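Shown here: my_file_20.txt, compact mmCIF, C-alpha atoms.
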# COMPACT_ATOMS: atom_id res chain seq x y z
CA MET A 163 -66.79 -7.60 6.73
CA VAL A 164 -65.04 -4.27 6.15
CA ASN A 165 -63.47 -4.29 9.62
CA LEU A 166 -62.36 -7.92 9.21
CA HIS A 167 -60.77 -7.17 5.84
CA PHE A 168 -59.02 -4.09 7.24
CA SER A 169 -57.70 -6.12 10.18
CA ARG A 170 -56.32 -8.80 7.85
CA VAL A 171 -54.60 -6.18 5.66
CA LEU A 172 -53.15 -4.49 8.75
CA ARG A 173 -51.66 -7.80 9.93
CA ILE A 174 -50.08 -8.39 6.51
CA LEU A 175 -48.60 -4.90 6.48
CA MET A 176 -47.17 -5.34 9.99
CA VAL A 177 -45.52 -8.63 9.00
CA SER A 178 -44.11 -7.02 5.86
CA VAL A 179 -42.70 -4.06 7.80
CA PHE A 180 -41.16 -6.39 10.41
CA SER A 181 -39.60 -8.55 7.69
CA ALA A 182 -38.21 -5.51 5.90
CA ALA A 183 -36.78 -4.15 9.16
CA LEU A 184 -35.17 -7.50 9.91
CA PHE A 185 -33.67 -7.61 6.43
CA VAL A 186 -32.25 -4.10 6.82
CA THR A 187 -30.83 -5.03 10.22
CA LEU A 188 -29.09 -8.11 8.93
CA VAL A 189 -27.84 -7.04 5.53
CA PRO A 190 -26.23 -3.56 5.42
CA LEU A 191 -22.86 -4.35 7.00
CA SER A 192 -22.19 -7.28 4.67
CA VAL A 193 -23.26 -5.25 1.65
CA SER A 194 -21.49 -2.02 2.62
CA TYR A 195 -18.09 -3.67 3.00
CA ALA A 196 -18.46 -6.49 0.50
CA ALA A 197 -15.26 -6.93 -1.51
CA THR A 198 -16.91 -6.46 -4.90
CA TRP A 199 -14.79 -5.52 -7.91
CA PRO A 200 -13.96 -1.79 -7.80
CA ASN A 201 -14.68 0.43 -10.80
CA SER A 202 -11.78 2.77 -10.04
CA MET A 203 -8.55 2.68 -8.04
CA ALA A 204 -5.69 4.92 -7.00
CA SER A 205 -2.17 4.22 -5.80
CA THR A 206 -0.34 6.32 -3.23
CA GLY A 207 3.22 6.24 -2.01
CA ASP A 208 6.69 6.99 -3.33
CA SER A 209 9.08 6.07 -6.15
CA ILE A 210 8.48 2.35 -5.72
CA THR A 211 4.86 2.82 -6.75
CA ARG A 212 5.95 5.16 -9.56
CA GLY A 213 7.96 2.33 -11.13
CA PHE A 214 11.08 4.48 -10.84
CA ASN A 215 14.11 3.32 -12.85
CA THR A 216 12.25 0.55 -14.69
CA GLY A 217 11.60 2.43 -17.93
CA SER A 218 13.64 3.16 -21.06
CA PHE A 219 15.08 6.37 -19.61
CA PRO A 220 17.25 5.98 -16.48
CA PHE A 221 16.30 7.73 -13.25
CA THR A 222 12.76 8.58 -14.30
CA ASP A 223 9.32 7.32 -13.33
CA ALA A 224 7.70 4.58 -15.40
CA ILE A 225 4.17 4.31 -14.06
CA ALA A 226 3.21 1.61 -16.56
CA ASN A 227 5.45 -0.69 -14.53
CA SER A 228 3.89 0.09 -11.16
CA TRP A 229 2.97 -2.94 -9.05
CA SER A 230 -0.30 -1.20 -8.16
CA THR A 231 -1.83 0.75 -11.04
CA GLY A 232 0.52 -0.10 -13.89
CA THR A 233 -0.47 -1.53 -17.26
CA SER A 234 2.60 -3.65 -18.09
CA SER A 235 1.71 -7.22 -19.07
CA THR A 236 5.01 -8.35 -17.54
CA VAL A 237 4.34 -6.81 -14.12
CA LYS A 238 0.67 -7.87 -13.95
CA SER A 239 -0.25 -5.13 -11.51
CA GLN A 240 -3.20 -5.17 -9.17
CA TYR A 241 -5.01 -2.94 -11.67
CA SER A 242 -4.37 -5.41 -14.51
CA ARG A 243 -5.69 -8.27 -12.41
CA ILE A 244 -8.85 -6.35 -11.54
CA LEU A 245 -9.31 -5.29 -15.18
CA ALA A 246 -9.21 -8.93 -16.27
CA SER A 247 -12.41 -9.53 -14.30
CA ASN A 248 -14.00 -6.08 -14.42
CA SER A 249 -13.78 -3.98 -17.57
CA GLY A 250 -15.55 -1.18 -15.73
CA ILE A 251 -12.26 -0.09 -14.16
CA SER A 252 -10.60 0.48 -17.55
CA GLY A 253 -8.72 3.79 -17.64
CA LYS A 254 -9.56 4.63 -14.04
CA ASN A 255 -6.19 3.71 -12.53
CA TYR A 256 -4.84 6.85 -10.92
CA ASN A 257 -1.22 6.97 -9.75
CA ASP A 258 -0.98 9.65 -7.06
CA ALA A 259 2.35 8.45 -5.63
CA ARG A 260 5.32 10.81 -5.88
CA THR A 261 9.01 9.99 -6.13
CA GLY A 262 10.80 11.10 -2.97
CA ALA A 263 7.62 11.22 -0.89
CA LYS A 264 7.62 10.56 2.84
CA MET A 265 4.71 9.79 5.15
CA THR A 266 4.19 13.50 5.73
CA ASP A 267 3.19 13.76 2.04
CA LEU A 268 0.53 11.04 2.16
CA ASN A 269 -2.24 13.35 3.34
CA GLY A 270 -1.83 15.54 0.26
CA GLN A 271 -1.98 12.48 -1.97
CA MET A 272 -5.20 11.42 -0.25
CA THR A 273 -6.74 14.77 -1.10
CA SER A 274 -6.17 13.93 -4.77
CA VAL A 275 -7.61 10.44 -4.27
CA VAL A 276 -10.78 11.89 -2.75
CA SER A 277 -11.25 14.21 -5.74
CA GLN A 278 -10.90 11.18 -8.04
CA LYS A 279 -13.53 9.25 -6.05
CA ALA A 280 -11.45 6.08 -6.16
CA GLU A 281 -13.26 3.00 -4.90
CA TYR A 282 -10.03 1.16 -4.02
CA VAL A 283 -6.76 2.67 -2.79
CA THR A 284 -3.32 1.15 -2.27
CA ILE A 285 -0.68 2.58 0.06
CA LEU A 286 3.03 1.75 0.08
CA MET A 287 4.77 4.53 1.98
CA GLY A 288 7.65 4.79 4.42
CA ALA A 289 10.82 3.68 2.64
CA ASN A 290 12.02 7.30 2.49
CA ASP A 291 11.30 7.71 6.20
CA VAL A 292 13.73 4.84 6.88
CA CYS A 293 16.21 5.55 4.10
CA THR A 294 17.74 8.89 4.97
CA SER A 295 21.22 10.38 5.20
CA SER A 296 21.79 8.88 8.66
CA PRO A 297 19.87 7.18 11.49
CA SER A 298 19.46 10.56 13.20
CA THR A 299 17.40 11.90 10.29
CA MET A 300 14.92 9.01 10.14
CA THR A 301 11.32 10.00 10.88
CA ASP A 302 10.25 9.69 14.50
CA VAL A 303 7.99 6.65 15.06
CA THR A 304 5.18 8.58 16.76
CA THR A 305 5.29 11.31 14.13
CA PHE A 306 5.14 8.68 11.40
CA GLY A 307 2.07 7.09 13.00
CA ASN A 308 0.29 10.42 13.45
CA GLN A 309 0.92 11.36 9.83
CA PHE A 310 -0.46 8.02 8.66
CA ARG A 311 -3.58 8.37 10.82
CA THR A 312 -4.21 11.86 9.49
CA ALA A 313 -4.00 10.61 5.90
CA LEU A 314 -6.40 7.74 6.55
CA THR A 315 -8.81 10.11 8.25
CA THR A 316 -8.76 12.43 5.25
CA LEU A 317 -9.42 9.52 2.90
CA THR A 318 -12.18 7.85 4.89
CA THR A 319 -13.91 11.15 5.65
CA GLY A 320 -13.97 12.05 1.99
CA LEU A 321 -14.68 8.54 0.71
CA PRO A 322 -16.29 6.55 3.53
CA ASN A 323 -16.98 3.51 1.34
CA THR A 324 -13.57 3.19 -0.30
CA ARG A 325 -11.49 0.09 0.40
CA ILE A 326 -7.88 0.59 1.44
CA PHE A 327 -4.94 -1.78 1.11
CA VAL A 328 -1.75 -1.01 3.04
CA SER A 329 1.50 -2.72 2.13
CA SER A 330 4.21 -3.07 4.73
CA ILE A 331 7.51 -1.33 3.97
CA PRO A 332 10.00 -3.71 2.32
CA ASN A 333 12.88 -5.01 4.43
CA ILE A 334 15.71 -2.54 3.78
CA TYR A 335 18.15 -4.76 5.68
CA ASN A 336 17.44 -7.51 3.16
CA LEU A 337 18.57 -5.13 0.40
CA TRP A 338 21.89 -4.59 2.18
CA SER A 339 22.19 -8.31 2.83
CA ILE A 340 21.88 -9.42 -0.81
CA LEU A 341 23.99 -6.67 -2.40
CA HIS A 342 26.60 -5.42 0.08
CA THR A 343 29.25 -7.73 -1.39
CA ASN A 344 28.54 -6.37 -4.90
CA SER A 345 31.28 -3.79 -5.52
CA THR A 346 29.24 -1.99 -8.18
CA ALA A 347 26.28 -1.65 -5.83
CA ASP A 348 28.59 -0.35 -3.10
CA PHE A 349 30.01 2.26 -5.49
CA VAL A 350 26.59 3.42 -6.69
CA TRP A 351 25.19 3.64 -3.16
CA SER A 352 28.10 5.85 -2.15
CA LEU A 353 28.14 7.93 -5.36
CA TYR A 354 24.46 8.85 -5.17
CA GLY A 355 24.18 8.85 -1.37
CA ILE A 356 21.45 6.22 -1.46
CA CYS A 357 19.88 5.21 1.86
CA GLN A 358 23.01 6.00 3.83
CA SER A 359 21.25 5.32 7.11
CA MET A 360 21.48 1.63 6.13
CA LEU A 361 23.85 1.44 3.16
CA ALA A 362 26.80 3.58 4.27
CA LYS A 363 30.04 1.61 4.64
CA PRO A 364 28.28 -1.52 3.35
CA THR A 365 31.18 -3.94 3.87
CA SER A 366 32.15 -2.69 7.32
CA THR A 367 31.88 -5.14 10.20
CA ALA A 368 32.79 -2.53 12.80
CA THR A 369 30.61 -2.60 15.91
CA ALA A 370 29.23 0.88 15.23
CA ASP A 371 28.17 -0.01 11.68
CA VAL A 372 26.58 -3.29 12.71
CA ALA A 373 24.67 -1.42 15.44
CA ARG A 374 23.62 1.29 12.97
CA ARG A 375 22.13 -1.26 10.57
CA ALA A 376 20.28 -2.93 13.44
CA GLN A 377 18.88 0.45 14.52
CA VAL A 378 17.60 1.18 11.02
CA GLN A 379 16.08 -2.28 10.70
CA GLN A 380 14.28 -1.77 14.00
CA ARG A 381 12.86 1.53 12.76
CA ASN A 382 11.66 -0.31 9.64
CA ILE A 383 9.89 -2.81 11.92
CA ASP A 384 8.49 -0.08 14.17
CA PHE A 385 7.03 1.76 11.18
CA ASN A 386 5.31 -1.41 9.99
CA THR A 387 3.88 -1.89 13.47
CA GLN A 388 2.41 1.62 13.24
CA LEU A 389 0.89 0.82 9.84
CA ALA A 390 -0.71 -2.36 11.18
CA THR A 391 -2.02 -0.81 14.39
CA ILE A 392 -3.50 2.31 12.83
CA CYS A 393 -4.94 0.53 9.79
CA ALA A 394 -6.81 -1.78 12.18
CA GLN A 395 -8.60 1.26 13.61
CA PHE A 396 -10.35 1.88 10.28
CA THR A 397 -13.04 -0.54 9.11
CA GLN A 398 -12.21 0.08 5.45
CA CYS A 399 -8.48 -0.65 5.84
CA ARG A 400 -6.62 -3.92 5.27
CA PHE A 401 -2.91 -4.36 6.17
CA ASP A 402 -0.82 -7.01 4.40
CA ASN A 403 0.22 -8.64 7.69
CA ASN A 404 3.86 -7.86 6.81
CA ALA A 405 3.73 -9.93 3.62
CA THR A 406 5.92 -7.45 1.73
CA TYR A 407 8.38 -7.01 4.59
CA ASN A 408 8.73 -10.77 5.02
CA THR A 409 9.39 -11.41 1.34
CA THR A 410 13.01 -12.13 0.47
CA PHE A 411 13.84 -10.17 -2.65
CA VAL A 412 16.84 -11.42 -4.65
CA ALA A 413 19.44 -9.45 -6.62
CA SER A 414 17.52 -9.77 -9.90
CA ASP A 415 14.53 -8.05 -8.24
CA VAL A 416 16.60 -4.86 -7.84
CA SER A 417 17.43 -2.23 -10.47
CA THR A 418 21.03 -2.33 -11.73
CA ARG A 419 20.85 1.44 -12.28
CA ASP A 420 20.70 2.41 -8.61
CA TYR A 421 20.75 -0.96 -6.82
CA PHE A 422 17.87 0.23 -4.69
CA HIS A 423 14.54 0.37 -6.51
CA PRO A 424 12.67 -2.74 -7.68
CA SER A 425 13.44 -3.94 -11.19
CA ILE A 426 10.68 -5.13 -13.51
CA SER A 427 10.83 -8.55 -11.84
CA GLY A 428 10.78 -6.83 -8.45
CA GLN A 429 7.65 -4.90 -9.41
CA ALA A 430 6.07 -8.15 -10.62
CA LYS A 431 6.92 -9.81 -7.32
CA LEU A 432 5.38 -6.90 -5.41
CA ALA A 433 2.23 -7.16 -7.51
CA SER A 434 1.93 -10.88 -6.77
CA ILE A 435 2.64 -10.55 -3.05
CA THR A 436 0.24 -7.68 -2.48
CA TRP A 437 -2.49 -9.21 -4.61
CA ALA A 438 -2.48 -12.30 -2.41
CA ALA A 439 -2.75 -10.08 0.68
CA THR A 440 -5.48 -7.67 -0.40
CA TYR A 441 -9.26 -8.13 -0.62
CA ASN A 442 -10.71 -11.16 -2.35
CA PHE A 443 -12.75 -9.16 -4.82
CA ALA A 444 -14.19 -12.31 -6.39
CA ALA A 445 -15.79 -13.42 -3.12
For this file, produce the structure as structure tokens.
Amino acid sequence: MVNLHFSRVLRILMVSVFSAALFVTLVPLSVSYAATWPNSMASTGDSITRGFNTGSFPFTDAIANSWSTGTSSTVKSQYSRILASNSGISGKNYNDARTGAKMTDLNGQMTSVVSQKAEYVTILMGANDVCTSSPSTMTDVTTFGNQFRTALTTLTTGLPNTRIFVSSIPNIYNLWSILHTNSTADFVWSLYGICQSMLAKPTSTATADVARRAQVQQRNIDFNTQLATICAQFTQCRFDNNATYNTTFVASDVSTRDYFHPSISGQAKLASITWAATYNFAA
């Protein structure tokens, strides 16, 4: 009787162990990368993500208006949309972007993100690598890609379970297209030396200027290709499939202080576009 009872118990234990092993085999991947609501987030990038030139004081950052981690009810940032469904993220919206930053600066920003232990990270970086004093000073495509890979490696090594959203770089040629016939915009671009690689001599139809704009637009496209390709190499990373680049921004989406940065409505449009392209946290 004792041996029979022991045998029956042993069989039950073996079945239980097998079932548990099967459960572990089937479940972890779906759980580990499930798009559950994050309890903290951080934004990285440049002046666009800092809400530059959208506040009360001209030519300053206004992070409340950031498309990513801002708190403005008009912009309805990604953070605000997450907060509406998850109060646990309240106050844990870190803006690590820096005005004037280029891709070479992203790795340093990721070091800050790691120290903050952010569960969700947005990246919009590269406009300043395209918008330089001339086409010759734009960042090299391979260098740009290597810098991006290094930053993602830093982030995923430090926070292996964080989820990453990468926005494509907006279409700089579209900016020229909608505003180059605006004499005030032309004057401001020249006065402040804004994005001269694309925006120099904005009304010129000379062959050299047309070719220059095409060269800059191609670099914009090449950078976005790097973002897509390298992001795909990291399980935690999601690219927007060029949603931001393919969006046609209109004149009212651009600041009338510098005719370059997004206005409040431009930030709101960015928030909406990127929200539709990121993780479905409610799934």
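The two atoms in question, CA of Thr440 (chain A) and CA of Asp302 (chain A), are spaced 27.8 Å apart.
Residues surrounding region 376-389 of chain A within 7 Å are Val292, Pro297, Val303, Gly307, Ser330, Ile331, Ile334, Tyr335, Ser359, Met360, Val372, Ala373, Ile392 and Cys393 of chain A [all atoms listed in the file; sequence separation below 3 positions excluded].
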field: Separation of CA of Trp338 (chain A) from CA of Thr365 (chain A) in Å
entry: 9.5 Å
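Distance-wise, CA of Ala263 (chain A) and CA of Ala289 (chain A) end up 8.9 Å apart.
With all atoms listed in the file as the atoms that count, the minimum distance from Ser434 (chain A) to the choices A:Ser339, A:Thr198, A:Ser239, A:Thr211 is reached by A:Ser239.
For Asn257 (chain A), the residues within 7 Å (counting only C-alpha atoms, excluding itself and residues fewer than 5 positions away along the chain) are Ala204, Ser205, Thr206 and Thr231 of chain A.
Take the candidates A:Ala313, A:Ala394, A:Ala413, A:Leu353 and check each one against Ser427 (chain A) using all atoms listed in the file; the shortest distance goes to A:Ala413.
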With 5 Å added on each side, what axis-aligned box encloses every listed atom of region 223-241 of chain A? Give the centre and edge lengths in Å to one decimal, as AutoDock Vina command-line options.
--center_x 2.2 --center_y -0.5 --center_z -13.6 --size_x 24.3 --size_y 25.7 --size_z 20.9
message: Need to verify the contact set: Gly262 (chain A), 8 Å, only C-alpha atoms, exclusion of same-chain residues closer than 6 positions in sequence. Can you return it as a PyMOL selection string?
response: chain A and resi 208-209+290
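If you measure from each of A:Ile251, A:His342, A:Ile435, A:Ala390 to Thr367 (chain A) using all atoms listed in the file, the closest one turns out to be A:His342.
For the choices A:Arg375, A:Arg400, A:Arg419, A:Arg243, the atom-to-atom distance to Val328 (chain A) is smallest for A:Arg400 when using all atoms listed in the file.
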message: Given the point (28.9, -3.5, -10.5) in the file's coordinates, find the residues that have an atom at most 12 Å from it, counting only C-alpha atoms, and give them as an NGL selection string.
response: :A and (341-351 or 413 or 417-421)
Near-Ala259 (chain A) list (12 Å; all atoms listed in the file; drop same-chain fewer than 5 positions) as an MDAnalysis selection string: chainID A and resid 204:214 223:225 228:231 264:265 267:275 283:288
task: Would you kindly identify which residues have an atom no farther than 12 Å from (-15.0, -4.1, -14.6), using only C-alpha atoms and the file's own coordinates, and write them out as a ChimeraX atom specification?
output: /A:198-203,241-255,443-444
Would you mind writing region 340-351 of chain A with all heavy atoms, as a PDB file, in the frame of the given file?
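Wrote it out as out-v8.pdb, contents follow:
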ATOM      1  N   ILE A 340      21.682  -8.734   0.471  1.00  0.00           N
ATOM      2  CA  ILE A 340      21.880  -9.420  -0.810  1.00  0.00           C
ATOM      3  C   ILE A 340      22.862  -8.706  -1.734  1.00  0.00           C
ATOM      4  O   ILE A 340      23.369  -9.317  -2.688  1.00  0.00           O
ATOM      5  CB  ILE A 340      20.542  -9.626  -1.556  1.00  0.00           C
ATOM      6  CG1 ILE A 340      19.886  -8.284  -1.906  1.00  0.00           C
ATOM      7  CG2 ILE A 340      19.602 -10.499  -0.745  1.00  0.00           C
ATOM      8  CD1 ILE A 340      18.637  -8.405  -2.758  1.00  0.00           C
ATOM      9  N   LEU A 341      23.169  -7.414  -1.442  1.00  0.00           N
ATOM     10  CA  LEU A 341      23.990  -6.670  -2.400  1.00  0.00           C
ATOM     11  C   LEU A 341      25.258  -6.037  -1.804  1.00  0.00           C
ATOM     12  O   LEU A 341      26.060  -5.469  -2.552  1.00  0.00           O
ATOM     13  CB  LEU A 341      23.154  -5.560  -3.047  1.00  0.00           C
ATOM     14  CG  LEU A 341      22.086  -6.021  -4.055  1.00  0.00           C
ATOM     15  CD1 LEU A 341      21.220  -4.844  -4.488  1.00  0.00           C
ATOM     16  CD2 LEU A 341      22.734  -6.678  -5.266  1.00  0.00           C
ATOM     17  N   HIS A 342      25.470  -6.146  -0.499  1.00  0.00           N
ATOM     18  CA  HIS A 342      26.600  -5.420   0.080  1.00  0.00           C
ATOM     19  C   HIS A 342      27.962  -5.961  -0.362  1.00  0.00           C
ATOM     20  O   HIS A 342      28.982  -5.278  -0.239  1.00  0.00           O
ATOM     21  CB  HIS A 342      26.510  -5.381   1.606  1.00  0.00           C
ATOM     22  CG  HIS A 342      26.838  -6.673   2.277  1.00  0.00           C
ATOM     23  ND1 HIS A 342      25.945  -7.718   2.356  1.00  0.00           N
ATOM     24  CD2 HIS A 342      27.976  -7.101   2.903  1.00  0.00           C
ATOM     25  CE1 HIS A 342      26.498  -8.723   3.014  1.00  0.00           C
ATOM     26  NE2 HIS A 342      27.728  -8.374   3.347  1.00  0.00           N
ATOM     27  N   THR A 343      27.986  -7.169  -0.886  1.00  0.00           N
ATOM     28  CA  THR A 343      29.250  -7.730  -1.390  1.00  0.00           C
ATOM     29  C   THR A 343      29.430  -7.457  -2.889  1.00  0.00           C
ATOM     30  O   THR A 343      30.413  -7.879  -3.483  1.00  0.00           O
ATOM     31  CB  THR A 343      29.318  -9.244  -1.135  1.00  0.00           C
ATOM     32  OG1 THR A 343      28.184  -9.874  -1.746  1.00  0.00           O
ATOM     33  CG2 THR A 343      29.312  -9.548   0.359  1.00  0.00           C
ATOM     34  N   ASN A 344      28.463  -6.756  -3.496  1.00  0.00           N
ATOM     35  CA  ASN A 344      28.540  -6.370  -4.900  1.00  0.00           C
ATOM     36  C   ASN A 344      29.257  -5.024  -4.979  1.00  0.00           C
ATOM     37  O   ASN A 344      28.722  -4.003  -4.557  1.00  0.00           O
ATOM     38  CB  ASN A 344      27.133  -6.279  -5.480  1.00  0.00           C
ATOM     39  CG  ASN A 344      27.105  -5.935  -6.955  1.00  0.00           C
ATOM     40  OD1 ASN A 344      27.856  -5.088  -7.421  1.00  0.00           O
ATOM     41  ND2 ASN A 344      26.202  -6.574  -7.690  1.00  0.00           N
ATOM     42  N   SER A 345      30.472  -5.017  -5.522  1.00  0.00           N
ATOM     43  CA  SER A 345      31.280  -3.790  -5.520  1.00  0.00           C
ATOM     44  C   SER A 345      30.629  -2.663  -6.323  1.00  0.00           C
ATOM     45  O   SER A 345      30.771  -1.489  -5.971  1.00  0.00           O
ATOM     46  CB  SER A 345      32.685  -4.090  -6.057  1.00  0.00           C
ATOM     47  OG  SER A 345      32.618  -4.603  -7.384  1.00  0.00           O
ATOM     48  N   THR A 346      29.916  -3.018  -7.392  1.00  0.00           N
ATOM     49  CA  THR A 346      29.240  -1.990  -8.180  1.00  0.00           C
ATOM     50  C   THR A 346      28.120  -1.347  -7.375  1.00  0.00           C
ATOM     51  O   THR A 346      27.942  -0.123  -7.386  1.00  0.00           O
ATOM     52  CB  THR A 346      28.671  -2.577  -9.487  1.00  0.00           C
ATOM     53  OG1 THR A 346      29.714  -3.212 -10.220  1.00  0.00           O
ATOM     54  CG2 THR A 346      28.037  -1.490 -10.345  1.00  0.00           C
ATOM     55  N   ALA A 347      27.354  -2.175  -6.678  1.00  0.00           N
ATOM     56  CA  ALA A 347      26.280  -1.650  -5.830  1.00  0.00           C
ATOM     57  C   ALA A 347      26.862  -0.735  -4.755  1.00  0.00           C
ATOM     58  O   ALA A 347      26.337   0.363  -4.502  1.00  0.00           O
ATOM     59  CB  ALA A 347      25.515  -2.795  -5.187  1.00  0.00           C
ATOM     60  N   ASP A 348      27.955  -1.160  -4.139  1.00  0.00           N
ATOM     61  CA  ASP A 348      28.590  -0.350  -3.100  1.00  0.00           C
ATOM     62  C   ASP A 348      28.995   1.018  -3.656  1.00  0.00           C
ATOM     63  O   ASP A 348      28.801   2.053  -3.011  1.00  0.00           O
ATOM     64  CB  ASP A 348      29.831  -1.062  -2.561  1.00  0.00           C
ATOM     65  CG  ASP A 348      29.500  -2.364  -1.843  1.00  0.00           C
ATOM     66  OD1 ASP A 348      28.302  -2.623  -1.625  1.00  0.00           O
ATOM     67  OD2 ASP A 348      30.439  -3.109  -1.515  1.00  0.00           O
ATOM     68  N   PHE A 349      29.560   1.014  -4.871  1.00  0.00           N
ATOM     69  CA  PHE A 349      30.010   2.260  -5.490  1.00  0.00           C
ATOM     70  C   PHE A 349      28.830   3.185  -5.788  1.00  0.00           C
ATOM     71  O   PHE A 349      28.878   4.384  -5.500  1.00  0.00           O
ATOM     72  CB  PHE A 349      30.771   1.943  -6.786  1.00  0.00           C
ATOM     73  CG  PHE A 349      31.138   3.150  -7.588  1.00  0.00           C
ATOM     74  CD1 PHE A 349      32.198   3.968  -7.190  1.00  0.00           C
ATOM     75  CD2 PHE A 349      30.426   3.499  -8.726  1.00  0.00           C
ATOM     76  CE1 PHE A 349      32.532   5.110  -7.925  1.00  0.00           C
ATOM     77  CE2 PHE A 349      30.756   4.622  -9.470  1.00  0.00           C
ATOM     78  CZ  PHE A 349      31.819   5.432  -9.059  1.00  0.00           C
ATOM     79  N   VAL A 350      27.774   2.624  -6.343  1.00  0.00           N
ATOM     80  CA  VAL A 350      26.590   3.420  -6.690  1.00  0.00           C
ATOM     81  C   VAL A 350      25.917   3.979  -5.441  1.00  0.00           C
ATOM     82  O   VAL A 350      25.512   5.149  -5.410  1.00  0.00           O
ATOM     83  CB  VAL A 350      25.598   2.569  -7.519  1.00  0.00           C
ATOM     84  CG1 VAL A 350      24.263   3.291  -7.696  1.00  0.00           C
ATOM     85  CG2 VAL A 350      26.197   2.231  -8.880  1.00  0.00           C
ATOM     86  N   TRP A 351      25.780   3.168  -4.406  1.00  0.00           N
ATOM     87  CA  TRP A 351      25.190   3.640  -3.160  1.00  0.00           C
ATOM     88  C   TRP A 351      25.935   4.852  -2.616  1.00  0.00           C
ATOM     89  O   TRP A 351      25.350   5.830  -2.167  1.00  0.00           O
ATOM     90  CB  TRP A 351      25.181   2.537  -2.106  1.00  0.00           C
ATOM     91  CG  TRP A 351      24.237   1.411  -2.392  1.00  0.00           C
ATOM     92  CD1 TRP A 351      23.165   1.416  -3.232  1.00  0.00           C
ATOM     93  CD2 TRP A 351      24.294   0.100  -1.812  1.00  0.00           C
ATOM     94  NE1 TRP A 351      22.538   0.193  -3.213  1.00  0.00           N
ATOM     95  CE2 TRP A 351      23.209  -0.639  -2.353  1.00  0.00           C
ATOM     96  CE3 TRP A 351      25.146  -0.531  -0.906  1.00  0.00           C
ATOM     97  CZ2 TRP A 351      22.963  -1.965  -2.003  1.00  0.00           C
ATOM     98  CZ3 TRP A 351      24.907  -1.855  -0.550  1.00  0.00           C
ATOM     99  CH2 TRP A 351      23.811  -2.568  -1.099  1.00  0.00           C
TER     100      TRP A 351
END
